[in-house]
file query36.txt (compact mmCIF, C-alpha atoms)
# COMPACT_ATOMS: atom_id res chain seq x y z
CA SER A 1 141.22 160.09 177.01
CA GLY A 2 144.44 158.11 177.07
CA THR A 3 144.97 154.74 178.73
CA VAL A 4 144.66 153.44 182.28
CA ILE A 5 146.57 150.44 183.65
CA VAL A 6 144.79 148.64 186.47
CA PRO A 7 146.22 145.77 188.56
CA VAL A 8 143.58 143.02 188.91
CA GLY A 9 144.69 142.46 192.51
CA ASN A 10 143.42 145.94 193.43
CA HIS A 11 139.82 144.73 192.94
CA ALA A 12 138.69 141.65 194.87
CA ALA A 13 135.51 141.36 192.77
CA LEU A 14 137.66 140.59 189.72
CA ALA A 15 139.07 137.40 191.25
CA SER A 16 136.31 135.35 189.62
CA VAL A 17 134.55 135.36 186.25
CA GLY A 18 131.41 137.49 186.39
CA GLY A 19 132.85 139.85 188.98
CA ILE A 20 132.29 143.56 188.40
CA ALA A 21 134.31 146.32 190.04
CA LEU A 22 134.38 150.09 190.02
CA VAL A 23 137.73 151.17 188.60
CA THR A 24 139.11 153.94 190.78
CA GLU A 25 142.37 154.34 188.88
CA ALA A 26 140.64 156.22 186.04
CA SER A 27 139.67 159.88 186.10
CA ALA A 28 136.16 159.07 184.81
CA PRO A 29 133.83 156.48 186.39
CA ILE A 30 134.43 153.06 184.79
CA ALA A 31 133.24 149.55 185.68
CA LEU A 32 135.24 146.48 184.75
CA GLU A 33 133.75 143.01 184.39
CA ARG A 34 135.78 139.81 184.28
CA THR A 35 134.24 137.78 181.45
CA GLY A 36 136.79 134.95 181.29
CA ALA A 37 140.12 133.76 182.68
CA SER A 38 141.96 136.50 180.78
CA THR A 39 139.18 138.64 179.32
CA PHE A 40 137.64 141.81 180.68
CA VAL A 41 135.09 144.36 179.50
CA ALA A 42 135.16 147.99 180.63
CA TYR A 43 132.11 150.26 180.61
CA SER A 44 131.72 153.99 181.09
CA LEU A 45 129.51 154.70 184.06
CA ILE A 46 128.21 157.90 182.50
CA CYS A 47 124.58 157.33 181.55
CA PRO A 48 124.05 157.86 177.81
CA HIS A 49 120.59 159.34 178.49
CA ALA A 50 121.30 162.36 180.69
CA GLY A 51 124.93 162.07 181.82
CA GLY A 52 124.28 160.91 185.39
CA THR A 53 126.81 158.64 187.08
CA VAL A 54 125.58 155.05 186.94
CA PHE A 55 126.15 152.98 190.08
CA LEU A 56 126.77 149.28 190.71
CA THR A 57 123.63 147.70 192.20
CA GLY A 58 125.05 144.38 193.40
CA ASN A 59 122.26 142.64 191.45
CA THR A 60 123.60 140.12 188.91
CA SER A 61 120.69 140.50 186.46
CA VAL A 62 120.73 144.33 186.49
CA PRO A 63 124.16 145.34 187.82
CA PHE A 64 124.07 148.99 186.67
CA GLN A 65 121.47 151.73 187.32
CA CYS A 66 121.33 155.47 186.78
CA PRO A 67 119.93 157.41 189.75
CA VAL A 68 118.81 160.35 187.57
CA HIS A 69 115.99 158.72 185.58
CA GLY A 70 116.21 155.05 186.60
CA ALA A 71 117.86 153.66 183.45
CA GLN A 72 118.97 150.06 184.10
CA PHE A 73 121.70 148.12 182.32
CA ASN A 74 122.55 144.41 182.26
CA ALA A 75 126.05 142.91 182.57
CA ALA A 76 126.57 143.45 178.82
CA GLY A 77 125.92 147.19 179.30
CA SER A 78 122.63 147.06 177.37
CA SER A 79 119.64 149.14 178.45
CA VAL A 80 117.05 146.78 179.98
CA GLY A 81 114.68 148.91 182.04
CA GLY A 82 113.73 152.26 183.43
CA GLN A 83 114.37 155.22 181.15
CA GLN A 84 114.98 153.94 177.62
CA THR A 85 118.46 154.84 176.39
CA SER A 86 121.36 153.40 174.45
CA SER A 87 123.91 150.97 175.86
CA LEU A 88 126.77 152.00 178.11
CA HIS A 89 129.93 152.93 176.20
CA ARG A 90 132.49 150.10 176.05
CA TYR A 91 136.23 150.68 176.21
CA ALA A 92 138.84 148.41 174.67
CA THR A 93 140.76 146.33 177.23
CA THR A 94 143.97 144.33 177.01
CA TYR A 95 145.04 141.85 179.69
CA ASP A 96 148.71 141.26 180.59
CA ALA A 97 149.10 137.90 182.36
CA ALA A 98 152.72 138.61 183.33
CA THR A 99 151.71 141.58 185.48
CA ASN A 100 148.10 140.45 186.18
CA SER A 101 146.90 143.83 185.03
CA PHE A 102 144.79 145.21 182.23
CA THR A 103 144.89 148.33 180.12
CA ILE A 104 141.75 150.30 179.33
CA SER A 105 141.95 152.52 176.27
call {"tool": "encode", "arguments": {"input": "query36.txt", "output": "structure tokens"}}
result
Amino acid sequence: SGTVIVPVGNHAALASVGGIALVTEASAPIALERTGASTFVAYSLICPHAGGTVFLTGNTSVPFQCPVHGAQFNAAGSSVGGQQTSSLHRYATTYDAATNSFTIS
């Protein structure tokens, strides 16, 4: 609950479009993907199937996977393999160019 402000510079993976980083500033596990020069998408890393913590795989076609039942998610957070489940929850994000940070709410 609430909002989290995250400086982009804290996450090297976010330096380029397509980069995905684990956000450590939040109390719950969240991944952030840079989708454009000033656009970001944040995903909950709690698996919608059984509540396991999804991890970053390093694979660009299936960057998220749940270790509990093998659910796999693409970069859009959609379920694409393993245990069938719904998509990862998306959070609203707002980018502030002046501070090079974003807010997740």
call {"tool": "closest_residue", "arguments": {"input": "query36.txt", "among": "A:Ser87, A:Asn100, A:Ser38, A:Ser78", "to": "Val62 in chain A", "atoms": "only C-alpha atoms"}}
result
A:Ser78
call {"tool": "atom_distance", "arguments": {"input": "query36.txt", "atom1": "CA of Ala21 in chain A", "atom2": "CA of His69 in chain A"}}
result
22.6 Å
call {"tool": "closest_residue", "arguments": {"input": "query36.txt", "among": "A:Val80, A:Val4, A:Ala92, A:Ala75", "to": "Thr39 in chain A", "atoms": "only C-alpha atoms"}}
result
A:Ala92
call {"tool": "atom_distance", "arguments": {"input": "query36.txt", "atom1": "CA of Ile104 in chain A", "atom2": "CA of Ala26 in chain A"}}
result
9.0 Å
call {"tool": "residues_around", "arguments": {"input": "query36.txt", "residues": "Ile20 in chain A", "least_positions_apart": "2", "cutoff": "7 Å", "atoms": "only C-alpha atoms", "output": "PDB file with C-alpha atoms, in the coordinates of the input"}}
result
ATOM      1  CA  ALA A  13     135.510 141.360 192.770  1.00  0.00           C
ATOM      2  CA  LEU A  14     137.660 140.590 189.720  1.00  0.00           C
ATOM      3  CA  GLY A  18     131.410 137.490 186.390  1.00  0.00           C
ATOM      4  CA  ALA A  31     133.240 149.550 185.680  1.00  0.00           C
ATOM      5  CA  LEU A  32     135.240 146.480 184.750  1.00  0.00           C
ATOM      6  CA  GLU A  33     133.750 143.010 184.390  1.00  0.00           C
ATOM      7  CA  ARG A  34     135.780 139.810 184.280  1.00  0.00           C
TER       8      ARG A  34
END
call {"tool": "residues_near_point", "arguments": {"input": "query36.txt", "point": "(129.6, 156.7, 183.7)", "cutoff": "10 Å", "atoms": "all atoms listed in the file", "output": "PyMOL selection string"}}
result
chain A and resi 28-31+43-48+51-55+64+66+88-89
call {"tool": "decode", "arguments": {"input": "query36.txt", "residues": "range 82-101 of chain A", "atoms": "N, CA and C atoms", "output": "PDB file, in the first residue's frame"}}
result
ATOM      1  N   GLY A  82       4.185 -23.024 -18.149  1.00  0.00           N
ATOM      2  CA  GLY A  82       4.164 -23.628 -16.821  1.00  0.00           C
ATOM      3  C   GLY A  82       2.742 -23.662 -16.297  1.00  0.00           C
ATOM      4  N   GLN A  83       2.578 -23.550 -15.008  1.00  0.00           N
ATOM      5  CA  GLN A  83       1.255 -23.532 -14.382  1.00  0.00           C
ATOM      6  C   GLN A  83       0.419 -22.385 -14.951  1.00  0.00           C
ATOM      7  N   GLN A  84      -0.750 -22.692 -15.461  1.00  0.00           N
ATOM      8  CA  GLN A  84      -1.634 -21.641 -15.990  1.00  0.00           C
ATOM      9  C   GLN A  84      -2.150 -20.772 -14.843  1.00  0.00           C
ATOM     10  N   THR A  85      -2.078 -19.475 -15.033  1.00  0.00           N
ATOM     11  CA  THR A  85      -2.527 -18.522 -14.026  1.00  0.00           C
ATOM     12  C   THR A  85      -2.828 -17.204 -14.718  1.00  0.00           C
ATOM     13  N   SER A  86      -3.262 -16.236 -13.956  1.00  0.00           N
ATOM     14  CA  SER A  86      -3.517 -14.913 -14.533  1.00  0.00           C
ATOM     15  C   SER A  86      -2.210 -14.130 -14.630  1.00  0.00           C
ATOM     16  N   SER A  87      -2.280 -12.959 -15.209  1.00  0.00           N
ATOM     17  CA  SER A  87      -1.107 -12.107 -15.381  1.00  0.00           C
ATOM     18  C   SER A  87      -0.627 -11.553 -14.045  1.00  0.00           C
ATOM     19  N   LEU A  88       0.639 -11.130 -14.033  1.00  0.00           N
ATOM     20  CA  LEU A  88       1.164 -10.452 -12.851  1.00  0.00           C
ATOM     21  C   LEU A  88       0.423  -9.127 -12.664  1.00  0.00           C
ATOM     22  N   HIS A  89       0.230  -8.730 -11.417  1.00  0.00           N
ATOM     23  CA  HIS A  89      -0.439  -7.455 -11.122  1.00  0.00           C
ATOM     24  C   HIS A  89       0.464  -6.299 -11.539  1.00  0.00           C
ATOM     25  N   ARG A  90      -0.119  -5.310 -12.236  1.00  0.00           N
ATOM     26  CA  ARG A  90       0.612  -4.109 -12.642  1.00  0.00           C
ATOM     27  C   ARG A  90       0.291  -2.963 -11.704  1.00  0.00           C
ATOM     28  N   TYR A  91       1.315  -2.193 -11.385  1.00  0.00           N
ATOM     29  CA  TYR A  91       1.158  -0.981 -10.583  1.00  0.00           C
ATOM     30  C   TYR A  91       1.269   0.236 -11.493  1.00  0.00           C
ATOM     31  N   ALA A  92       0.612   1.297 -11.127  1.00  0.00           N
ATOM     32  CA  ALA A  92       0.741   2.562 -11.856  1.00  0.00           C
ATOM     33  C   ALA A  92       2.122   3.152 -11.566  1.00  0.00           C
ATOM     34  N   THR A  93       2.746   3.733 -12.596  1.00  0.00           N
ATOM     35  CA  THR A  93       4.042   4.387 -12.420  1.00  0.00           C
ATOM     36  C   THR A  93       3.994   5.782 -13.030  1.00  0.00           C
ATOM     37  N   THR A  94       4.750   6.685 -12.434  1.00  0.00           N
ATOM     38  CA  THR A  94       4.884   8.042 -12.940  1.00  0.00           C
ATOM     39  C   THR A  94       6.368   8.400 -12.932  1.00  0.00           C
ATOM     40  N   TYR A  95       6.871   8.874 -14.062  1.00  0.00           N
ATOM     41  CA  TYR A  95       8.291   9.220 -14.179  1.00  0.00           C
ATOM     42  C   TYR A  95       8.474  10.721 -13.983  1.00  0.00           C
ATOM     43  N   ASP A  96       9.510  11.109 -13.245  1.00  0.00           N
ATOM     44  CA  ASP A  96       9.859  12.508 -13.029  1.00  0.00           C
ATOM     45  C   ASP A  96      11.244  12.739 -13.638  1.00  0.00           C
ATOM     46  N   ALA A  97      11.287  13.393 -14.799  1.00  0.00           N
ATOM     47  CA  ALA A  97      12.544  13.607 -15.517  1.00  0.00           C
ATOM     48  C   ALA A  97      13.499  14.520 -14.732  1.00  0.00           C
ATOM     49  N   ALA A  98      12.958  15.442 -13.969  1.00  0.00           N
ATOM     50  CA  ALA A  98      13.808  16.376 -13.218  1.00  0.00           C
ATOM     51  C   ALA A  98      14.664  15.660 -12.176  1.00  0.00           C
ATOM     52  N   THR A  99      14.118  14.617 -11.566  1.00  0.00           N
ATOM     53  CA  THR A  99      14.846  13.882 -10.545  1.00  0.00           C
ATOM     54  C   THR A  99      15.323  12.509 -11.035  1.00  0.00           C
ATOM     55  N   ASN A 100      14.983  12.151 -12.295  1.00  0.00           N
ATOM     56  CA  ASN A 100      15.286  10.850 -12.875  1.00  0.00           C
ATOM     57  C   ASN A 100      14.862   9.725 -11.920  1.00  0.00           C
ATOM     58  N   SER A 101      13.610   9.865 -11.476  1.00  0.00           N
ATOM     59  CA  SER A 101      13.059   8.861 -10.575  1.00  0.00           C
ATOM     60  C   SER A 101      11.622   8.577 -10.993  1.00  0.00           C
TER      61      SER A 101
END
